[in-house]
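**Q** Provided below: entry.txt, containing compact mmCIF, C-alpha atoms.
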```txt
# COMPACT_ATOMS: atom_id res chain seq x y z
CA MET A 252 -10.78 -10.19 5.41
CA PRO A 253 -11.36 -10.24 9.17
CA LYS A 254 -11.88 -7.08 11.14
CA MET A 255 -8.88 -7.12 13.42
CA ASN A 256 -10.92 -4.62 15.44
CA PRO A 257 -8.27 -2.64 17.29
CA PRO A 258 -9.72 -0.38 20.01
CA ALA A 259 -11.92 2.44 18.74
CA ARG A 260 -9.15 4.99 19.28
CA ALA A 261 -6.71 2.85 17.25
CA ARG A 262 -9.20 2.41 14.42
CA ARG A 263 -9.21 6.12 13.77
CA PRO A 264 -6.83 7.03 10.94
CA PHE A 265 -3.65 8.60 12.21
CA LEU A 266 -2.23 9.72 8.87
CA ARG A 267 -1.40 13.44 8.94
CA GLY A 268 -0.42 15.67 6.02
CA GLY A 269 2.93 15.65 4.30
CA LEU A 270 3.03 11.93 3.45
CA LEU A 271 4.07 11.47 -0.17
CA LEU A 272 4.40 8.53 -2.67
CA ALA A 273 5.10 8.26 -6.47
CA LEU A 274 2.60 7.13 -9.29
CA ALA A 275 2.33 7.33 -13.16
CA LEU A 276 0.05 6.18 -15.94
CA PHE A 277 0.82 3.30 -18.35
CA THR A 278 -1.39 0.61 -19.80
CA PRO A 279 0.54 -2.01 -21.81
CA PRO A 280 -1.01 -5.42 -22.43
CA LEU A 281 -0.52 -7.94 -19.62
CA PRO A 282 -0.04 -11.70 -19.99
CA ALA A 283 -3.07 -13.94 -19.67
CA ALA A 284 -3.40 -16.18 -16.64
CA ASP A 285 -3.37 -19.96 -16.76
CA PRO A 286 -7.13 -20.73 -16.92
CA THR A 287 -6.63 -23.97 -15.01
CA ALA A 288 -5.10 -22.20 -12.01
CA GLY A 289 -7.68 -19.47 -11.41
CA PRO A 290 -6.97 -15.77 -11.86
CA PRO A 291 -3.66 -14.41 -10.57
CA THR A 292 -4.12 -12.20 -7.53
CA VAL A 293 -2.67 -8.93 -6.30
CA VAL A 294 -3.26 -8.04 -2.63
CA PHE A 295 -2.93 -4.52 -1.23
CA LEU A 296 -1.99 -4.62 2.48
CA GLY A 297 -2.40 -1.13 3.87
CA ASP A 298 -4.01 1.44 6.15
CA SER A 299 -6.55 4.24 5.59
CA LEU A 300 -4.83 5.37 2.39
CA THR A 301 -5.43 1.94 0.88
CA ALA A 302 -8.84 1.41 2.50
CA GLY A 303 -10.12 4.64 0.93
CA TYR A 304 -11.06 6.38 4.17
CA GLY A 305 -13.59 9.18 3.66
CA LEU A 306 -14.48 8.35 0.06
CA ALA A 307 -18.13 8.15 -0.95
CA ASP A 308 -17.56 4.67 -2.39
CA PRO A 309 -14.20 3.15 -1.44
CA ALA A 310 -15.07 -0.04 -3.33
CA SER A 311 -14.89 1.88 -6.60
CA GLU A 312 -12.83 5.00 -5.78
CA ALA A 313 -9.88 3.82 -3.68
CA TYR A 314 -6.66 3.40 -5.63
CA PRO A 315 -6.70 -0.44 -5.56
CA ALA A 316 -10.18 -0.35 -7.11
CA LEU A 317 -8.95 2.01 -9.82
CA ILE A 318 -6.09 -0.37 -10.56
CA ALA A 319 -8.59 -3.23 -10.76
CA GLU A 320 -10.62 -1.18 -13.25
CA ARG A 321 -7.49 -0.55 -15.32
CA LEU A 322 -6.85 -4.30 -15.43
CA ARG A 323 -10.43 -5.01 -16.48
CA ALA A 324 -10.16 -2.41 -19.23
CA ALA A 325 -6.99 -4.14 -20.46
CA ARG A 326 -8.83 -7.51 -20.28
CA ALA A 327 -6.12 -8.77 -17.97
CA PRO A 328 -7.71 -11.46 -15.77
CA TRP A 329 -6.24 -10.36 -12.45
CA LYS A 330 -8.11 -10.46 -9.14
CA VAL A 331 -7.48 -7.44 -6.89
CA VAL A 332 -7.94 -7.69 -3.10
CA ASN A 333 -8.01 -4.51 -1.01
CA ALA A 334 -6.75 -5.49 2.45
CA GLY A 335 -6.55 -1.94 3.79
CA ILE A 336 -7.65 -1.18 7.37
CA SER A 337 -7.79 2.39 8.62
CA GLY A 338 -5.38 3.05 11.47
CA ASP A 339 -3.30 -0.05 10.81
CA THR A 340 0.43 -0.21 11.53
CA THR A 341 3.25 -2.46 10.43
CA ALA A 342 2.76 -4.45 13.65
CA GLY A 343 -0.90 -4.93 12.75
CA GLY A 344 0.04 -5.97 9.24
CA LEU A 345 2.50 -8.51 10.61
CA ARG A 346 -0.19 -9.96 12.90
CA ARG A 347 -2.69 -10.40 10.09
CA ILE A 348 -0.47 -11.28 7.14
CA ASP A 349 -0.91 -15.05 7.48
CA TRP A 350 -4.70 -14.73 7.49
CA THR A 351 -4.66 -12.20 4.65
CA LEU A 352 -2.58 -14.51 2.46
CA ARG A 353 -4.41 -17.74 3.30
CA ALA A 354 -5.37 -17.94 -0.40
CA PRO A 355 -2.81 -17.87 -3.24
CA VAL A 356 -1.32 -14.47 -4.07
CA ASP A 357 0.97 -13.54 -6.92
CA VAL A 358 1.79 -9.91 -6.07
CA LEU A 359 1.67 -8.29 -2.62
CA VAL A 360 1.68 -4.51 -2.27
CA VAL A 361 2.72 -3.48 1.25
CA ALA A 362 1.56 0.08 2.00
CA LEU A 363 2.04 0.32 5.76
CA GLY A 364 4.22 2.39 8.08
CA ALA A 365 2.79 5.92 8.08
CA ASN A 366 0.98 5.39 11.36
CA ASP A 367 4.17 3.97 12.88
CA GLY A 368 6.01 7.16 12.05
CA LEU A 369 3.28 9.46 13.30
CA ARG A 370 3.08 7.55 16.59
CA GLY A 371 6.82 7.80 17.11
CA VAL A 372 7.56 4.10 16.69
CA ASP A 373 11.29 3.41 16.45
CA PRO A 374 12.09 3.19 12.70
CA ALA A 375 14.12 0.06 13.44
CA VAL A 376 10.93 -1.60 14.72
CA THR A 377 9.01 -0.50 11.62
CA ALA A 378 11.75 -1.94 9.42
CA ALA A 379 11.74 -5.23 11.32
CA ASN A 380 7.97 -5.52 10.97
CA LEU A 381 8.11 -4.85 7.24
CA ARG A 382 10.83 -7.46 6.81
CA GLY A 383 8.69 -9.87 8.84
CA ILE A 384 5.66 -9.27 6.61
CA ILE A 385 7.72 -9.95 3.50
CA LYS A 386 9.37 -13.03 5.03
CA ARG A 387 6.01 -14.54 6.02
CA ALA A 388 4.51 -13.77 2.64
CA ARG A 389 7.33 -15.60 0.89
CA ALA A 390 7.14 -18.50 3.33
CA ARG A 391 3.47 -19.03 2.38
CA HIS A 392 3.89 -18.20 -1.31
CA PRO A 393 7.55 -18.52 -2.37
CA ALA A 394 6.99 -17.04 -5.83
CA VAL A 395 5.13 -13.93 -4.64
CA ARG A 396 6.40 -10.60 -5.98
CA ILE A 397 6.54 -7.78 -3.43
CA LEU A 398 5.97 -4.06 -3.99
CA LEU A 399 6.75 -1.87 -0.97
CA ALA A 400 5.18 1.60 -0.81
CA GLY A 401 7.46 4.19 0.73
CA MET A 402 6.29 6.89 3.15
CA GLN A 403 7.56 10.19 4.50
CA LEU A 404 6.69 12.23 7.57
CA PRO A 405 6.07 15.96 8.00
CA PRO A 406 9.12 17.89 9.22
CA GLU A 407 7.36 18.95 12.44
CA LEU A 408 8.10 15.49 13.82
CA GLY A 409 11.83 16.25 13.96
CA ALA A 410 14.63 16.00 11.45
CA ALA A 411 16.28 12.93 12.95
CA HIS A 412 13.07 10.91 13.19
CA THR A 413 11.80 11.86 9.72
CA ALA A 414 15.17 11.09 8.11
CA ALA A 415 15.47 7.70 9.84
CA PHE A 416 11.88 6.88 8.93
CA ALA A 417 12.36 7.81 5.26
CA ARG A 418 15.34 5.45 5.02
CA VAL A 419 13.30 2.47 6.23
CA PHE A 420 11.52 1.80 2.95
CA PRO A 421 14.39 1.86 0.43
CA ASP A 422 16.55 -0.05 2.90
CA VAL A 423 13.94 -2.78 3.43
CA ALA A 424 13.25 -2.99 -0.31
CA ALA A 425 16.95 -3.40 -1.06
CA ALA A 426 17.50 -5.93 1.73
CA THR A 427 14.54 -8.09 0.68
CA GLY A 428 14.79 -7.73 -3.09
CA SER A 429 11.39 -6.02 -3.24
CA ALA A 430 10.25 -3.42 -5.74
CA LEU A 431 9.70 0.07 -4.31
CA VAL A 432 7.25 2.93 -4.81
CA PRO A 433 9.38 5.80 -3.46
CA PHE A 434 6.42 7.95 -2.26
CA LEU A 435 2.79 6.81 -2.17
CA LEU A 436 1.31 10.33 -2.12
CA ALA A 437 3.56 12.05 -4.66
CA GLY A 438 1.68 14.98 -6.14
CA VAL A 439 -1.20 14.47 -3.69
CA GLY A 440 -0.04 15.28 -0.16
CA GLY A 441 -0.60 18.90 0.81
CA ASP A 442 -2.74 19.73 -2.24
CA PRO A 443 -6.20 20.86 -1.05
CA ALA A 444 -7.71 20.02 -4.43
CA LEU A 445 -6.70 16.36 -4.06
CA ASN A 446 -7.55 15.82 -0.39
CA LEU A 447 -10.60 15.69 1.82
CA GLY A 448 -11.45 18.57 4.14
CA ASP A 449 -9.11 17.15 6.77
CA ARG A 450 -6.21 17.71 4.34
CA ILE A 451 -4.98 14.31 5.46
CA HIS A 452 -6.70 11.77 3.26
CA PRO A 453 -6.93 11.88 -0.53
CA ASN A 454 -10.27 12.47 -2.19
CA ALA A 455 -11.39 10.59 -5.29
CA ALA A 456 -9.20 12.74 -7.54
CA GLY A 457 -6.25 12.15 -5.23
CA HIS A 458 -6.77 8.40 -5.38
CA ALA A 459 -6.70 8.60 -9.17
CA VAL A 460 -3.22 10.15 -8.93
CA MET A 461 -2.16 7.48 -6.44
CA ALA A 462 -3.40 4.73 -8.74
CA ALA A 463 -1.37 6.15 -11.60
CA THR A 464 1.78 6.30 -9.45
CA VAL A 465 1.41 2.79 -8.06
CA TRP A 466 0.66 1.42 -11.52
CA THR A 467 4.04 2.56 -12.81
CA HIS A 468 5.81 0.30 -10.32
CA LEU A 469 3.20 -2.46 -10.19
CA GLU A 470 2.78 -3.12 -13.89
CA PRO A 471 6.25 -4.67 -14.38
CA LEU A 472 5.52 -7.12 -11.54
CA LEU A 473 2.19 -8.13 -13.08
CA ALA A 474 3.92 -8.77 -16.39
CA GLN A 475 6.44 -11.22 -14.92
```
Just give me the structure of the file as structure tokens.

**A**
Amino acid sequence: MPKMNPPARARRPFLRGGLLLALALFTPPLPAADPTAGPPTVVFLGDSLTAGYGLADPASEAYPALIAERLRAARAPWKVVNAGISGDTTAGGLRRIDWTLRAPVDVLVVALGANDGLRGVDPAVTAANLRGIIKRARARHPAVRILLAGMQLPPELGAAHTAAFARVFPDVAAATGSALVPFLLAGVGGDPALNLGDRIHPNAAGHAVMAATVWTHLEPLLAQ
């Protein structure tokens, strides 16, 4: 995927503690792909949490890679694409969604919005961008299934802002008919044992928890 190359300051991850999302572990058999059509594809559109910022080997340790390994172990012929860029926002995701989905995609996981909240972006703007991403994805690939990863903000950012931000994800999921992961960092955020020294980004063990949470909500979409 192209490097959208925002300015150096923007490329730095802005995710700060307290962000949470839900994951659990389940490995049922998945349907085989049509061999004449190429492997079905799941794309993860996200920020530093998805990119695997700070991991020794993001290509094998980030949660999308762990989900890909789970699929290989189940002999399910799915292709997994990690389209995470550290520091990205919903506006950035909207700008690059057409390029990201230039090839066929069967399932799109949208894990963006945390940086919006931490930068004080109006939650209504975040919601509009997420709806735009989903609309464009379906315009390019009408049968695509969407999984939206919910986010939360630390309370220090103010009760009104954090509450409005938290409502964005279930509201967008309901309005667009998308599946929802309620909290991407459930069981991970705030736990020193599951985060890097910055206590912001998950370590390899934290990504394993994230993969388990995402899998719970992703697996039904892969089985459709």

**Q** Counting only C-alpha atoms, which residue out of A:Ala388, A:Val432, A:Ala319, A:Val372 sits closest to A:Leu408?

**A** A:Val372

**Q** Excluding A:Ala362 and its own-chain neighbours fewer than 2 positions away, which residues fall within 7 Å of it when counting only C-alpha atoms? Please give them as an MDAnalysis selection string.

**A** chainID A and resid 296:297 360 399:400

**Q** Keeping only C-alpha atoms, take the residues you just selected and write them out as a compact mmCIF listing (two decimals), in the frame of the given file.

**A**
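Wrote part-v8.txt, looks like this:
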```
# COMPACT_ATOMS: atom_id res chain seq x y z
CA LEU A 296 -1.99 -4.62 2.48
CA GLY A 297 -2.40 -1.13 3.87
CA VAL A 360 1.68 -4.51 -2.27
CA LEU A 399 6.75 -1.87 -0.97
CA ALA A 400 5.18 1.60 -0.81
```

**Q** Rounded to one decimal, what separation in Å do you get between atom CA of A:Ile318 and atom CA of A:Arg391?

**A** 24.6 Å

**Q** Quote the spacing between atom CA of A:Tyr314 and atom CA of A:Ser429 in Å to one decimal place.

**A**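 We find that atom CA of A:Tyr314 and atom CA of A:Ser429 lie 20.5 Å from each other.
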
**Q** Between atom CA of A:Asp373 and atom CA of A:Val358, what is the distance, to one decimal in Å?

**A** 27.8 Å

**Q** Which residues are near stretch 446-454 of chain A? Cut-off 8 Å, all atoms listed in the file, ignore same chain within fewer than 3 positions. Put them as an NGL selection string.

**A** :A and (266-268 or 299-300 or 304-306 or 439-443 or 457-458)
